[in-house]
Structure formats: C-alpha cells, structure tokens
$ cat target.txt   # compact mmCIF, C-alpha atoms
# COMPACT_ATOMS: atom_id res chain seq x y z
CA MET G 1 5.69 54.25 17.79
CA MET G 2 6.62 57.03 20.21
CA HIS G 3 9.77 56.44 22.29
CA TYR G 4 12.02 58.35 24.69
CA THR G 5 15.68 58.46 25.41
CA LEU G 6 16.74 57.21 28.82
CA TYR G 7 17.59 60.77 29.87
CA GLU G 8 14.17 62.03 28.77
CA LEU G 9 12.39 59.27 30.62
CA ASN G 10 14.45 59.85 33.74
CA GLU G 11 13.77 63.57 33.49
CA MET G 12 10.04 62.84 33.34
CA VAL G 13 10.36 60.74 36.49
CA ARG G 14 12.23 63.54 38.27
CA GLN G 15 9.69 66.16 37.25
CA THR G 16 6.81 63.93 38.30
CA LEU G 17 8.37 63.39 41.73
CA GLU G 18 8.95 67.13 42.18
CA LEU G 19 5.34 67.87 41.32
CA GLU G 20 3.61 65.03 43.14
CA MET G 21 5.89 64.77 46.20
CA PRO G 22 7.25 68.27 46.84
CA GLY G 23 7.52 67.95 50.61
CA GLU G 24 9.35 65.87 53.17
CA TYR G 25 8.17 62.65 54.81
CA TRP G 26 8.91 60.74 57.99
CA VAL G 27 9.71 57.13 57.17
CA GLU G 28 10.33 54.14 59.45
CA ALA G 29 12.91 51.68 58.15
CA GLU G 30 15.75 49.34 59.08
CA LEU G 31 19.34 50.18 58.29
CA SER G 32 21.02 47.38 56.33
CA GLU G 33 24.17 49.39 55.67
CA VAL G 34 25.65 52.66 56.97
CA ARG G 35 28.89 54.27 55.80
CA GLU G 36 30.39 57.71 56.12
CA VAL G 37 32.35 59.13 53.19
CA ARG G 38 33.97 62.58 53.23
CA GLY G 39 31.56 63.81 55.90
CA HIS G 40 28.43 62.48 54.16
CA CYS G 41 26.42 59.51 55.44
CA TYR G 42 25.20 56.89 52.98
CA MET G 43 22.51 54.44 54.08
CA GLU G 44 20.72 51.44 52.67
CA LEU G 45 17.14 51.18 53.96
CA VAL G 46 15.06 48.02 54.03
CA GLN G 47 11.68 46.94 55.31
CA SER G 48 11.41 43.27 56.13
CA ASP G 49 8.43 40.94 56.14
CA VAL G 50 8.36 40.59 59.90
CA LEU G 51 5.66 37.88 59.99
CA SER G 52 7.52 35.46 57.66
CA SER G 53 10.74 36.25 59.47
CA PHE G 54 9.16 35.37 62.79
CA PHE G 55 8.08 31.91 61.66
CA SER G 56 11.27 31.21 59.73
CA SER G 57 13.72 32.14 62.48
CA GLY G 58 11.86 31.51 65.72
CA GLY G 59 10.83 35.14 66.30
CA GLY G 60 14.09 36.85 65.38
CA ARG G 61 14.67 39.29 62.55
CA ARG G 62 17.54 37.43 60.91
CA GLY G 63 16.60 35.97 57.60
CA ALA G 64 13.59 38.28 57.15
CA ALA G 65 12.61 38.80 53.51
CA PRO G 66 12.85 42.45 52.45
CA VAL G 67 9.62 43.83 51.00
CA ALA G 68 11.10 47.29 50.27
CA ARG G 69 14.61 48.64 49.72
CA ALA G 70 16.01 52.12 49.01
CA SER G 71 19.15 54.21 49.23
CA ALA G 72 19.36 57.28 51.45
CA LYS G 73 21.88 60.08 51.82
CA CYS G 74 22.49 62.60 54.56
CA TRP G 75 24.67 65.43 53.35
CA GLN G 76 27.47 66.76 55.51
CA SER G 77 25.65 70.00 56.43
CA SER G 78 22.86 67.96 58.06
CA TRP G 79 24.87 64.95 59.20
CA MET G 80 27.28 67.00 61.30
CA LYS G 81 24.25 68.15 63.34
CA LEU G 82 22.26 64.94 63.37
CA ARG G 83 25.00 62.46 64.32
CA PRO G 84 25.97 64.01 67.71
CA ARG G 85 22.33 64.48 68.66
CA PHE G 86 21.49 60.88 67.79
CA GLU G 87 24.47 59.51 69.72
CA ARG G 88 23.74 61.73 72.73
CA VAL G 89 20.14 60.51 73.01
CA THR G 90 20.60 56.86 72.11
CA GLY G 91 24.09 56.39 73.56
CA GLN G 92 25.40 54.65 70.43
CA PRO G 93 26.31 55.48 66.83
CA LEU G 94 24.06 54.85 63.89
CA SER G 95 24.68 51.28 62.69
CA ALA G 96 23.29 48.47 60.58
CA GLY G 97 20.32 46.60 62.02
CA MET G 98 18.82 49.67 63.74
CA GLN G 99 15.21 50.69 63.30
CA VAL G 100 15.23 54.41 62.54
CA LEU G 101 12.74 57.15 61.87
CA LEU G 102 14.03 59.50 59.17
CA ARG G 103 12.68 62.66 57.64
CA VAL G 104 13.33 62.35 53.94
CA ALA G 105 12.59 64.05 50.68
CA PRO G 106 12.55 62.19 47.34
CA ASN G 107 15.43 62.89 44.99
CA PHE G 108 15.87 61.55 41.49
CA HIS G 109 18.87 62.36 39.35
CA GLU G 110 18.87 61.58 35.67
CA ALA G 111 22.37 60.08 35.88
CA TYR G 112 22.50 58.61 39.41
CA GLY G 113 18.94 57.39 39.89
CA PHE G 114 16.64 57.59 42.92
CA SER G 115 17.53 58.11 46.57
CA TRP G 116 16.01 59.61 49.69
CA ILE G 117 17.66 62.77 51.07
CA VAL G 118 17.69 62.68 54.88
CA SER G 119 17.16 66.00 56.66
CA ASP G 120 16.43 64.70 60.16
CA ILE G 121 16.65 61.59 62.31
CA ASP G 122 14.43 61.06 65.34
CA PRO G 123 16.70 59.44 67.95
CA THR G 124 13.84 58.94 70.38
CA PHE G 125 12.36 56.36 68.01
CA THR G 126 14.83 53.86 69.44
CA LEU G 127 13.44 54.43 72.91
CA GLY G 128 10.54 52.19 71.90
CA ASP G 129 7.28 52.40 73.76
CA MET G 130 7.69 56.09 74.68
CA ALA G 131 7.86 57.20 71.09
CA ARG G 132 4.98 54.97 70.01
CA ARG G 133 2.83 56.23 72.89
CA ARG G 134 3.50 59.82 71.92
CA GLN G 135 2.53 59.15 68.33
CA GLU G 136 -0.68 57.51 69.49
CA ILE G 137 -1.51 60.57 71.60
CA ILE G 138 -0.89 62.86 68.66
CA ARG G 139 -3.08 60.71 66.43
CA THR G 140 -5.89 60.83 68.98
CA LEU G 141 -5.63 64.60 69.31
CA LYS G 142 -5.87 65.03 65.57
CA GLU G 143 -8.85 62.71 65.35
CA GLU G 144 -10.56 64.77 68.08
CA GLY G 145 -9.86 67.89 66.03
CA VAL G 146 -8.01 69.67 68.87
CA TYR G 147 -4.40 69.29 67.75
CA ASP G 148 -4.19 72.79 66.20
CA LEU G 149 -6.61 74.66 68.48
CA GLN G 150 -3.83 76.42 70.40
CA LYS G 151 -2.19 77.54 67.14
CA GLU G 152 -5.45 79.23 66.14
CA LEU G 153 -5.55 81.44 69.26
CA LEU G 154 -4.41 85.05 68.90
CA LEU G 155 -1.62 86.02 71.29
CA SER G 156 -2.24 89.59 72.42
CA PRO G 157 0.44 91.97 71.10
CA PHE G 158 0.33 93.61 74.55
CA ALA G 159 0.77 90.37 76.53
CA ARG G 160 2.21 91.39 79.92
CA ARG G 161 0.04 89.50 82.42
CA VAL G 162 1.65 86.08 82.62
CA ALA G 163 0.43 83.00 84.48
CA VAL G 164 3.43 80.74 85.12
CA ILE G 165 3.17 76.99 85.73
CA SER G 166 6.44 75.73 87.16
CA SER G 167 8.12 74.33 90.24
CA GLU G 168 8.46 77.12 92.80
CA ASN G 169 12.10 76.31 93.57
CA ALA G 170 13.16 75.50 90.02
CA ALA G 171 16.13 77.42 88.68
CA GLY G 172 14.30 77.75 85.37
CA TYR G 173 11.50 79.72 87.04
CA GLY G 174 14.00 82.11 88.60
CA ASP G 175 15.77 82.55 85.26
CA PHE G 176 12.44 83.27 83.59
CA CYS G 177 11.47 85.96 86.10
CA ASN G 178 14.93 87.57 86.01
CA GLN G 179 14.89 87.65 82.22
CA LEU G 180 11.54 89.43 82.22
CA ALA G 181 12.50 91.88 84.96
CA ASP G 182 15.86 92.83 83.42
CA ASN G 183 14.70 93.31 79.84
CA GLU G 184 16.53 96.03 77.94
CA TYR G 185 13.34 97.93 77.10
CA GLY G 186 12.20 98.43 80.66
CA PHE G 187 8.88 96.67 80.04
CA VAL G 188 7.01 95.77 83.21
CA PHE G 189 5.49 92.28 83.28
CA GLN G 190 3.04 90.96 85.86
CA THR G 191 3.76 87.32 86.67
CA ARG G 192 1.96 84.95 88.99
CA LEU G 193 3.17 81.45 89.81
CA PHE G 194 0.85 78.44 89.87
CA PRO G 195 3.08 75.74 91.38
CA ALA G 196 3.18 72.27 89.85
CA VAL G 197 5.45 69.25 89.80
CA MET G 198 7.65 69.33 86.72
CA GLN G 199 8.85 65.70 86.59
CA GLY G 200 7.66 62.33 87.75
CA GLU G 201 4.24 60.80 88.10
CA GLN G 202 2.54 63.92 89.48
CA VAL G 203 3.22 66.12 86.44
CA GLU G 204 -0.11 65.44 84.73
CA GLN G 205 -2.23 65.87 87.88
CA THR G 206 -0.56 69.04 89.19
CA VAL G 207 -0.27 70.82 85.83
CA ILE G 208 -3.96 70.17 85.06
CA ALA G 209 -4.87 71.48 88.53
CA ALA G 210 -2.83 74.63 87.86
CA LEU G 211 -4.56 75.10 84.49
CA ASN G 212 -7.95 74.79 86.18
CA ARG G 213 -7.03 77.49 88.71
CA ILE G 214 -5.88 79.79 85.92
CA ASN G 215 -9.06 79.10 83.95
CA ASP G 216 -11.17 80.23 86.92
CA GLU G 217 -9.69 83.73 86.59
CA GLN G 218 -8.60 83.75 82.96
CA ASP G 219 -9.59 87.42 82.55
CA GLN G 220 -6.63 88.32 84.74
CA PHE G 221 -4.04 86.93 82.30
CA ASP G 222 -2.95 87.32 78.69
CA VAL G 223 -0.85 84.18 78.35
CA VAL G 224 0.18 81.01 80.18
CA VAL G 225 3.80 79.83 80.34
CA ILE G 226 4.74 76.24 81.31
CA ILE G 227 8.48 76.05 82.05
CA ARG G 228 11.07 73.70 83.52
CA GLY G 229 14.80 73.20 83.27
CA GLY G 230 16.51 70.64 81.08
CA GLY G 231 16.97 66.99 81.96
CA ALA G 232 16.92 63.49 80.61
CA THR G 233 14.47 62.59 77.89
CA ALA G 234 12.71 60.21 80.22
CA ASP G 235 11.94 63.11 82.57
CA LEU G 236 9.65 64.51 79.89
CA SER G 237 7.34 61.50 79.94
CA GLY G 238 4.95 63.29 82.30
CA PHE G 239 4.25 65.82 79.54
CA ASP G 240 3.33 63.07 77.07
CA THR G 241 -0.11 62.12 78.43
CA LEU G 242 -3.43 62.39 76.65
CA PRO G 243 -5.41 64.09 79.48
CA LEU G 244 -2.76 66.81 79.87
CA ALA G 245 -2.53 67.30 76.11
CA GLU G 246 -6.33 67.62 75.83
CA ASN G 247 -6.42 70.20 78.63
CA VAL G 248 -3.72 72.31 76.99
CA ALA G 249 -5.22 71.97 73.50
CA ASN G 250 -8.64 73.18 74.70
CA PHE G 251 -7.35 75.93 77.01
CA PRO G 252 -8.81 79.38 76.15
CA LEU G 253 -5.53 81.30 76.59
CA PRO G 254 -2.38 80.89 74.46
CA ILE G 255 0.14 78.58 76.15
CA ILE G 256 3.90 78.89 75.69
CA THR G 257 6.01 75.87 76.63
CA GLY G 258 9.67 75.91 77.60
CA ILE G 259 10.04 72.54 79.22
CA GLY G 260 13.16 71.10 77.56
CA HIS G 261 16.20 71.72 75.42
CA ASP G 262 16.36 71.69 71.65
CA ARG G 263 16.73 67.91 71.53
CA ASP G 264 13.61 67.29 73.65
CA GLU G 265 10.13 67.83 72.22
CA SER G 266 7.14 66.58 74.13
CA VAL G 267 3.54 66.23 73.00
CA LEU G 268 2.84 69.33 75.05
CA ASP G 269 5.35 71.26 72.93
CA MET G 270 3.67 70.09 69.75
CA ILE G 271 0.17 71.22 70.64
CA SER G 272 1.03 74.43 72.51
CA HIS G 273 0.60 77.83 70.93
CA THR G 274 4.35 78.46 70.90
CA ARG G 275 7.18 76.14 71.80
CA VAL G 276 10.59 77.51 72.87
CA LYS G 277 13.68 75.72 74.11
CA THR G 278 14.13 76.98 77.66
CA PRO G 279 12.50 79.19 80.32
CA THR G 280 14.80 82.08 79.39
CA ALA G 281 13.79 81.63 75.76
CA ALA G 282 10.15 81.89 76.85
CA ALA G 283 10.90 85.16 78.62
CA ALA G 284 12.83 86.41 75.59
CA PHE G 285 9.87 85.52 73.37
CA LEU G 286 7.48 87.61 75.48
CA VAL G 287 9.91 90.53 75.57
CA ASP G 288 10.42 90.34 71.80
CA GLN G 289 6.65 90.15 71.31
CA LEU G 290 6.13 93.35 73.28
CA ALA G 291 9.14 95.01 71.64
CA THR G 292 7.68 94.23 68.23
CA THR G 293 4.42 95.85 69.28
CA TRP G 294 6.30 98.87 70.62
CA ARG G 295 8.21 99.24 67.35
CA ARG G 296 4.97 99.02 65.42
CA ILE G 297 3.48 101.74 67.61
CA GLU G 298 6.56 103.92 67.10
CA ARG G 299 6.41 103.38 63.35
CA ALA G 300 2.71 104.18 63.36
CA GLN G 301 3.37 107.29 65.43
CA GLU G 302 6.10 108.38 63.05
CA THR G 303 3.87 107.69 60.08
CA ILE G 304 1.02 109.70 61.62
CA LEU G 305 3.33 112.64 62.35
CA ASN G 306 4.73 112.53 58.83
CA ARG G 307 1.25 112.38 57.33
CA ILE G 308 0.10 115.29 59.51
CA GLY G 309 3.18 117.31 58.53
CA GLU G 310 2.59 116.59 54.85
CA ARG G 311 -1.08 117.51 55.15
CA LEU G 312 -0.27 120.73 56.99
CA ARG G 313 2.25 121.70 54.33
CA THR G 314 -0.23 120.90 51.59
CA GLU G 315 -2.98 122.93 53.28
CA GLN G 316 -0.56 125.79 53.91
CA LEU G 317 0.31 125.89 50.22
CA ARG G 318 -3.36 125.72 49.33
CA LEU G 319 -4.21 128.59 51.69
CA THR G 320 -1.31 130.65 50.37
CA GLY G 321 -2.55 130.09 46.84
CA MET G 322 -6.10 130.99 47.82
CA ALA G 323 -4.92 134.11 49.64
CA GLY G 324 -3.15 135.23 46.48
CA ARG G 325 -6.28 134.67 44.40
CA ILE G 326 -8.70 136.41 46.78
CA PRO G 327 -7.96 140.05 45.74
CA VAL G 328 -8.34 139.13 42.08
CA MET G 329 -11.51 137.22 42.81
CA VAL G 330 -12.90 140.10 44.89
CA LEU G 331 -12.23 142.61 42.13
CA SER G 332 -13.82 140.31 39.60
CA VAL G 333 -16.90 139.77 41.80
CA VAL G 334 -17.22 143.50 42.56
CA GLY G 335 -16.97 144.31 38.87
CA ASP G 336 -19.60 141.75 37.99
CA GLU G 337 -21.98 143.02 40.68
CA GLN G 338 -21.50 146.64 39.63
CA LEU G 339 -22.29 145.71 36.04
CA ARG G 340 -25.37 143.78 37.20
CA LEU G 341 -26.55 146.76 39.29
CA ARG G 342 -26.14 149.15 36.34
CA ARG G 343 -28.18 146.83 34.15
CA LEU G 344 -30.89 146.62 36.80
CA GLN G 345 -30.88 150.38 37.13
CA GLU G 346 -31.24 150.79 33.37
CA ARG G 347 -34.07 148.28 33.32
CA LEU G 348 -35.83 150.13 36.15
CA THR G 349 -35.31 153.48 34.50
CA SER G 350 -36.73 152.32 31.23
CA GLY G 351 -39.39 150.05 32.64
CA VAL G 352 -41.06 152.22 35.32
CA PRO G 353 -42.71 154.82 32.96
CA ALA G 354 -44.03 152.07 30.74
CA ARG G 355 -45.34 150.19 33.76
CA LEU G 356 -46.99 153.31 35.12
CA GLN G 357 -48.64 154.01 31.77
CA THR G 358 -49.91 150.44 31.63
CA MET G 359 -51.36 150.60 35.16
CA ARG G 360 -52.90 154.01 34.50
CA HIS G 361 -54.65 152.68 31.38
CA ARG G 362 -55.85 149.66 33.33
CA ILE G 363 -57.29 151.87 36.10
CA GLU G 364 -59.12 154.01 33.54
CA THR G 365 -60.51 150.90 31.90
CA LEU G 366 -61.65 149.53 35.26
CA SER G 367 -63.19 152.88 36.20
CA ALA G 368 -65.18 152.97 32.96
CA ALA G 369 -66.45 149.44 33.59
CA VAL G 370 -67.29 149.91 37.30
CA VAL G 371 -69.91 152.69 36.95
CA PRO G 372 -72.42 150.71 34.79
CA LEU G 373 -71.87 147.67 36.98
CA VAL G 374 -72.64 149.66 40.14
CA GLU G 375 -75.72 151.22 38.61
CA ARG G 376 -77.05 147.83 37.50
CA ARG G 377 -76.36 146.37 40.95
CA MET G 378 -78.17 149.28 42.67
CA MET G 379 -81.23 148.85 40.43
CA THR G 380 -81.31 145.12 41.20
CA GLU G 381 -81.06 145.71 44.95
CA ARG G 382 -83.71 148.44 44.87
CA HIS G 383 -86.14 146.12 43.11
CA ARG G 384 -85.40 143.36 45.65
CA LEU G 385 -86.10 145.79 48.53
CA GLU G 386 -89.44 146.74 47.00
CA LEU G 387 -90.41 143.08 46.83
CA PHE G 388 -89.42 142.60 50.52
CA GLU G 389 -91.48 145.64 51.45
CA GLN G 390 -94.55 144.25 49.73
CA ARG G 391 -94.14 140.90 51.49
CA VAL G 392 -93.75 142.61 54.87
CA LYS G 393 -96.91 144.67 54.36
CA ALA G 394 -98.80 141.52 53.38
CA LEU G 395 -97.81 139.94 56.69
CA ASP G 396 -98.87 142.95 58.86
CA PRO G 397 -101.27 141.71 61.67
CA ALA G 398 -103.33 144.88 61.31
CA LEU G 399 -104.63 143.61 57.97
CA LEU G 400 -105.91 140.48 59.72
CA LEU G 401 -107.68 142.55 62.38
CA GLN G 402 -109.35 144.60 59.62
CA ARG G 403 -110.76 141.38 58.23
CA GLY G 404 -112.44 140.58 61.58
CA TYR G 405 -109.86 138.42 63.15
CA SER G 406 -108.54 139.00 66.74
CA ILE G 407 -105.35 138.17 68.63
CA THR G 408 -105.28 136.93 72.24
CA LEU G 409 -102.19 137.85 74.25
CA LYS G 410 -100.90 136.67 77.60
CA ASP G 411 -98.02 138.61 79.11
CA GLY G 412 -97.44 140.19 75.69
CA HIS G 413 -97.21 136.83 73.85
CA ALA G 414 -99.78 135.38 71.46
CA VAL G 415 -101.86 132.49 72.85
CA ARG G 416 -101.90 129.65 70.35
CA ALA G 417 -103.64 126.90 72.41
CA ALA G 418 -106.21 126.83 75.28
CA GLU G 419 -103.93 124.55 77.23
CA GLU G 420 -101.55 127.47 77.71
CA LEU G 421 -104.11 129.25 79.97
CA ARG G 422 -104.92 128.62 83.61
CA PRO G 423 -107.85 129.87 85.70
CA GLY G 424 -107.19 133.43 86.95
CA ASP G 425 -104.86 134.30 84.02
CA VAL G 426 -105.38 137.86 82.65
CA ILE G 427 -105.50 137.95 78.90
CA GLU G 428 -105.91 140.70 76.29
CA THR G 429 -107.84 140.33 73.11
CA LYS G 430 -106.89 142.74 70.29
CA VAL G 431 -109.54 143.60 67.68
CA GLU G 432 -109.50 146.12 64.82
CA LYS G 433 -110.65 148.91 67.08
CA GLY G 434 -109.47 148.50 70.68
CA THR G 435 -108.38 145.89 73.24
CA ILE G 436 -110.48 143.70 75.57
CA GLN G 437 -109.12 142.42 78.92
CA SER G 438 -110.49 139.20 80.36
CA ILE G 439 -109.89 136.82 83.30
CA VAL G 440 -109.82 133.08 82.62
CA GLN G 441 -112.48 131.18 84.80
$ encode --input "target.txt" --output "structure tokens"
Amino acid sequence: MMHYTLYELNEMVRQTLELEMPGEYWVEAELSEVREVRGHCYMELVQSDVLSSFFSSGGGRRGAAPVARASAKCWQSSWMKLRPRFERVTGQPLSAGMQVLLRVAPNFHEAYGFSWIVSDIDPTFTLGDMARRRQEIIRTLKEEGVYDLQKELLLSPFARRVAVISSENAAGYGDFCNQLADNEYGFVFQTRLFPAVMQGEQVEQTVIAALNRINDEQDQFDVVVIIRGGGATADLSGFDTLPLAENVANFPLPIITGIGHDRDESVLDMISHTRVKTPTAAAAFLVDQLATTWRRIERAQETILNRIGERLRTEQLRLTGMAGRIPVMVLSVVGDEQLRLRRLQERLTSGVPARLQTMRHRIETLSAAVVPLVERRMMTERHRLELFEQRVKALDPALLLQRGYSITLKDGHAVRAAEELRPGDVIETKVEKGTIQSIVQ
C-alpha cells in the first residue's frame, strides 16, 4: 500500500496550491483576532452563519456559528503601508469584530501549515452601502461587456489635443494646464475646457453633458481628461454611478481620469483608459507619452542615419573594388574579342573561295537545266497559240456570210430581236458581197 511522509504530503499540497491558485483573491471575512508582532500583523478570519445567528441572538452577530475559519498574515513591508491608509479612511484601527475585504494569496508551508498572505486591505469596505453599490455597478458593466472597452482603445502616440472636463475654477485644472505648458521638452498642447461640476449631486449630469459635447466634435481631440482635486472619499460618490460609467466605457476617445488621490479609486477610475492620481499626474502622463514618442522618433532617426552611413560605406567599398577590377576586365574582354575577330577572319578567308566555287557550280547546273526547260515551254506555248488561232478563224463572221447568212446592224450593233427596232430606224444588212440599207416601216 502506497504511503507518504507528512512532509511529502504537505509538499504535494503546497505544489497543488501554487499550480491551481497562483494569483491573489479578494476575500470578505470577519476578524476574530488581530495582533501585531514585530511589525507584522497576524489575523484570524471567520465567516459566521448569519441566518442562525440572527434567530439565536435576536438579530445580532454574537453567538453566530462559524462556517469557515483561517489564519492570515500581513508582513511588515505591506502592513506599514496598509495600516495608516486603513485608519485614515475608516477613522479607527483594525480590530476584532470588523468586516474586512482583504486581498490575499494562498500560502502553505510544509512545517507551519496553511495561511492567507494579505497584500491589501480595502478600507472603503467598512463604509457599507457605497462599496456595495460600486461593486454592483462594476458587475453590471462586466455583464454588459463594456468594462474593458476603454482599455482596448489606442491612445495616439502624438496626443496633444486635449479635451478637459473639470470645474473651471478648480485648482486642479490650473495645475494641469500649468504642468502641460511648462513641460521640460517644450511640447505645445492644445487644451479646451468643458466645464462640469466635480462633486455633489450634479456630477453625473454635468460630466455626461460635457462628454456629449466632446463627442459632437470628437475629430478635434486626441484624448479626454477628467480631473479634480483631492477630497473626502464621500465626495467621489458622484463618480460611482452606472449611467456615467456606461458613458465613459462606451466613449470613442481614450479617457484619462485624475479625480482623486492614491487612496481614492472610483468606478470611473476603474473603467477609464488610464487612471492617475492627480491632475498634475495626468499632465505628466501626457507629457511622458509624447516624450516617449519623441525618443522613439529620435532613435529611429539615428538608426536610419546609421543604416544609411553603413550602406554608403558598403557601396563605396563595392565601387572601389569594381573600379579596381574594371581595367583587368576590359583587357580580358578586349583580348577575347580580338581572338574572336581573328577566328572570324580566318573562317571568312577560308570559307569565301569554297562558297564561291559552290555557288558557281550551282549557277552552271541551273544554266544547263534552264535551256531545255525554256525550249519545252516555248514549244508548248506555240502549240497553244496555234490552237487559239484556229478557234478564232472558226468564229470569223465572214465564214457565216459565205454560207448565206446575213447580219443586221443598227448604229453599228447587231440586232438580235425585232423588238429592238422602231419605225423610222435605219438599219444595215451585211451579206457576203455588199451592204443593204433599209428603213423600218
């Protein structure tokens, strides 16, 4: 019977997890225990049977039966970043009894067993309805198949014509324009503001209206930038609406968002082509985009010049080599042609007398054959002429007159029928001896 050591079996479990679950996962759980040891955070995660808890404790969570339990660890390198962000957003430290949303990766050690390694904590999960609404919007967008449409658009490497959606008096808009105008490369950008409300209830309506105006003249722009300054997380709620998200997702131009700080990510950020932290970061992104294109052009120019130089040097060497071979080739060709001409001359010298003798013999042969042929042809033609002469004599009208026949003429032409004559016509009748004139009555 096959068996394994505990280490071998644990190693198989670890390898299976690495193969089957190589990525990270967001998990919702309740903290039953939290402790910090030497800069690391150790957590115990549970999921309770909420329904049984509700009936057993009058709707509270106390006494709920756990249906899942696991250990989780957040190493110091991540925890030192996550803890202050979580406390800043939620206003309180991580503690037992909290519902949290963690990004975890499975980890199994042959000696220490299984645990989840935490790489991120979403502090906005504790804000309740806002987070759940955003997740519902994202789910709807994915079901509609539009969630990644912006990511599939190609941002022009020469993007300089920028449509800006922002509040006209917002400091972020001024920072954005100044950053573009004062770029170190001297690039010139063309910006045009489409004013909109950047917080409050009118965000959705005014931003969609601005997008519609841009869409009407989309050929005038390369990219759209939606920017605002920082603020409270609640101020971003206007950017977490389904109609606005659908408009942005289906927009034909790439959209860059810079509507919050690093700790704030709206639905609009998620579905946009590119999300940056701040308005100045959006300007820096556009400048870097154009700078990258410029560097590519310079590298291409340098490559072209190098290739041309190499080709010119190669062709110069080839021409130099050919120039050195030309005299030798000319002498060789001249020698070959002279030899060929001498051979032709020898062939002509030796061939002409023989050819002349051959033609002379042929002429003599033809001459000997022509004379009998001519004589035979003359005899044949003479005999044919004699036969023609006999036939002509046989057809002579005088012979008919001698036999007693006559010929009647009118105006020098023979009369063949009486119908040809009219009364008063003068006719001549030729007989063997003489002519008789008559008038037709």
$ residues_around --input "target.txt" --residues "G:Leu290" --least-positions-apart "3" --cutoff "12 Å" --atoms "only C-alpha atoms" --output "PDB file with C-alpha atoms, in the frame of the given file"
ATOM      1  CA  LEU G 155      -1.620  86.020  71.290  1.00  0.00           C
ATOM      2  CA  SER G 156      -2.240  89.590  72.420  1.00  0.00           C
ATOM      3  CA  PRO G 157       0.440  91.970  71.100  1.00  0.00           C
ATOM      4  CA  PHE G 158       0.330  93.610  74.550  1.00  0.00           C
ATOM      5  CA  ALA G 159       0.770  90.370  76.530  1.00  0.00           C
ATOM      6  CA  ARG G 160       2.210  91.390  79.920  1.00  0.00           C
ATOM      7  CA  ARG G 161       0.040  89.500  82.420  1.00  0.00           C
ATOM      8  CA  LEU G 180      11.540  89.430  82.220  1.00  0.00           C
ATOM      9  CA  ASN G 183      14.700  93.310  79.840  1.00  0.00           C
ATOM     10  CA  GLU G 184      16.530  96.030  77.940  1.00  0.00           C
ATOM     11  CA  TYR G 185      13.340  97.930  77.100  1.00  0.00           C
ATOM     12  CA  GLY G 186      12.200  98.430  80.660  1.00  0.00           C
ATOM     13  CA  PHE G 187       8.880  96.670  80.040  1.00  0.00           C
ATOM     14  CA  VAL G 188       7.010  95.770  83.210  1.00  0.00           C
ATOM     15  CA  PHE G 189       5.490  92.280  83.280  1.00  0.00           C
ATOM     16  CA  ALA G 283      10.900  85.160  78.620  1.00  0.00           C
ATOM     17  CA  ALA G 284      12.830  86.410  75.590  1.00  0.00           C
ATOM     18  CA  PHE G 285       9.870  85.520  73.370  1.00  0.00           C
ATOM     19  CA  LEU G 286       7.480  87.610  75.480  1.00  0.00           C
ATOM     20  CA  VAL G 287       9.910  90.530  75.570  1.00  0.00           C
ATOM     21  CA  THR G 293       4.420  95.850  69.280  1.00  0.00           C
ATOM     22  CA  TRP G 294       6.300  98.870  70.620  1.00  0.00           C
ATOM     23  CA  ARG G 295       8.210  99.240  67.350  1.00  0.00           C
ATOM     24  CA  ARG G 296       4.970  99.020  65.420  1.00  0.00           C
ATOM     25  CA  ILE G 297       3.480 101.740  67.610  1.00  0.00           C
TER      26      ILE G 297
END
$ residues_near_point --input "target.txt" --point "(0.2, 70.4, 83.8)" --cutoff "8 Å" --atoms "only C-alpha atoms" --output "ChimeraX atom specification"
/G:165,196,203-211,226,239,244
$ residues_around --input "target.txt" --residues "G:Val13" --least-positions-apart "2" --cutoff "10 Å" --atoms "all atoms listed in the file" --output "list in words"
Tyr7, Glu8, Leu9, Asn10, Glu11, Gln15, Thr16, Leu17, Glu18, Leu19, Phe108, His109, Glu110, Gly113 and Phe114 of chain G
$ residues_around --input "target.txt" --residues "G:Asp222" --least-positions-apart "2" --cutoff "12 Å" --atoms "all atoms listed in the file" --output "PDB file with C-alpha atoms, in the frame of the given file"
ATOM      1  CA  LEU G 153      -5.550  81.440  69.260  1.00  0.00           C
ATOM      2  CA  LEU G 154      -4.410  85.050  68.900  1.00  0.00           C
ATOM      3  CA  LEU G 155      -1.620  86.020  71.290  1.00  0.00           C
ATOM      4  CA  SER G 156      -2.240  89.590  72.420  1.00  0.00           C
ATOM      5  CA  PRO G 157       0.440  91.970  71.100  1.00  0.00           C
ATOM      6  CA  PHE G 158       0.330  93.610  74.550  1.00  0.00           C
ATOM      7  CA  ALA G 159       0.770  90.370  76.530  1.00  0.00           C
ATOM      8  CA  ARG G 160       2.210  91.390  79.920  1.00  0.00           C
ATOM      9  CA  ARG G 161       0.040  89.500  82.420  1.00  0.00           C
ATOM     10  CA  VAL G 162       1.650  86.080  82.620  1.00  0.00           C
ATOM     11  CA  ALA G 163       0.430  83.000  84.480  1.00  0.00           C
ATOM     12  CA  VAL G 164       3.430  80.740  85.120  1.00  0.00           C
ATOM     13  CA  PHE G 189       5.490  92.280  83.280  1.00  0.00           C
ATOM     14  CA  GLN G 190       3.040  90.960  85.860  1.00  0.00           C
ATOM     15  CA  THR G 191       3.760  87.320  86.670  1.00  0.00           C
ATOM     16  CA  ARG G 192       1.960  84.950  88.990  1.00  0.00           C
ATOM     17  CA  ILE G 214      -5.880  79.790  85.920  1.00  0.00           C
ATOM     18  CA  ASN G 215      -9.060  79.100  83.950  1.00  0.00           C
ATOM     19  CA  GLU G 217      -9.690  83.730  86.590  1.00  0.00           C
ATOM     20  CA  GLN G 218      -8.600  83.750  82.960  1.00  0.00           C
ATOM     21  CA  ASP G 219      -9.590  87.420  82.550  1.00  0.00           C
ATOM     22  CA  GLN G 220      -6.630  88.320  84.740  1.00  0.00           C
ATOM     23  CA  VAL G 224       0.180  81.010  80.180  1.00  0.00           C
ATOM     24  CA  VAL G 225       3.800  79.830  80.340  1.00  0.00           C
ATOM     25  CA  PRO G 252      -8.810  79.380  76.150  1.00  0.00           C
ATOM     26  CA  LEU G 253      -5.530  81.300  76.590  1.00  0.00           C
ATOM     27  CA  PRO G 254      -2.380  80.890  74.460  1.00  0.00           C
ATOM     28  CA  ILE G 255       0.140  78.580  76.150  1.00  0.00           C
ATOM     29  CA  ILE G 256       3.900  78.890  75.690  1.00  0.00           C
ATOM     30  CA  LEU G 286       7.480  87.610  75.480  1.00  0.00           C
TER      31      LEU G 286
END
$ atom_distance --input "target.txt" --atom1 "atom CA of G:Gly172" --atom2 "atom CA of G:Gly258"
9.2 Å
$ closest_residue --input "target.txt" --among "G:Val374, G:Ile436, G:Asp288, G:Val197" --to "G:Gln179" --atoms "only C-alpha atoms"
G:Asp288
$ closest_residue --input "target.txt" --among "G:Ile326, G:Ile259, G:Leu373, G:Ala72" --to "G:Gln199" --atoms "only C-alpha atoms"
G:Ile259
$ residues_around --input "target.txt" --residues "stretch 24-32 of chain G" --least-positions-apart "3" --cutoff "6 Å" --atoms "all atoms listed in the file" --output "ChimeraX atom specification"
/G:44-47,96-105
$ atom_distance --input "target.txt" --atom1 "atom CA of G:Thr241" --atom2 "atom CA of G:Glu136"
10.1 Å
$ atom_distance --input "target.txt" --atom1 "atom CA of G:His413" --atom2 "atom CA of G:Ile439"
15.8 Å
$ residues_around --input "target.txt" --residues "G:Ala170" --least-positions-apart "4" --cutoff "9 Å" --atoms "all atoms listed in the file" --output "ChimeraX atom specification"
/G:166,174-175,198,228-229
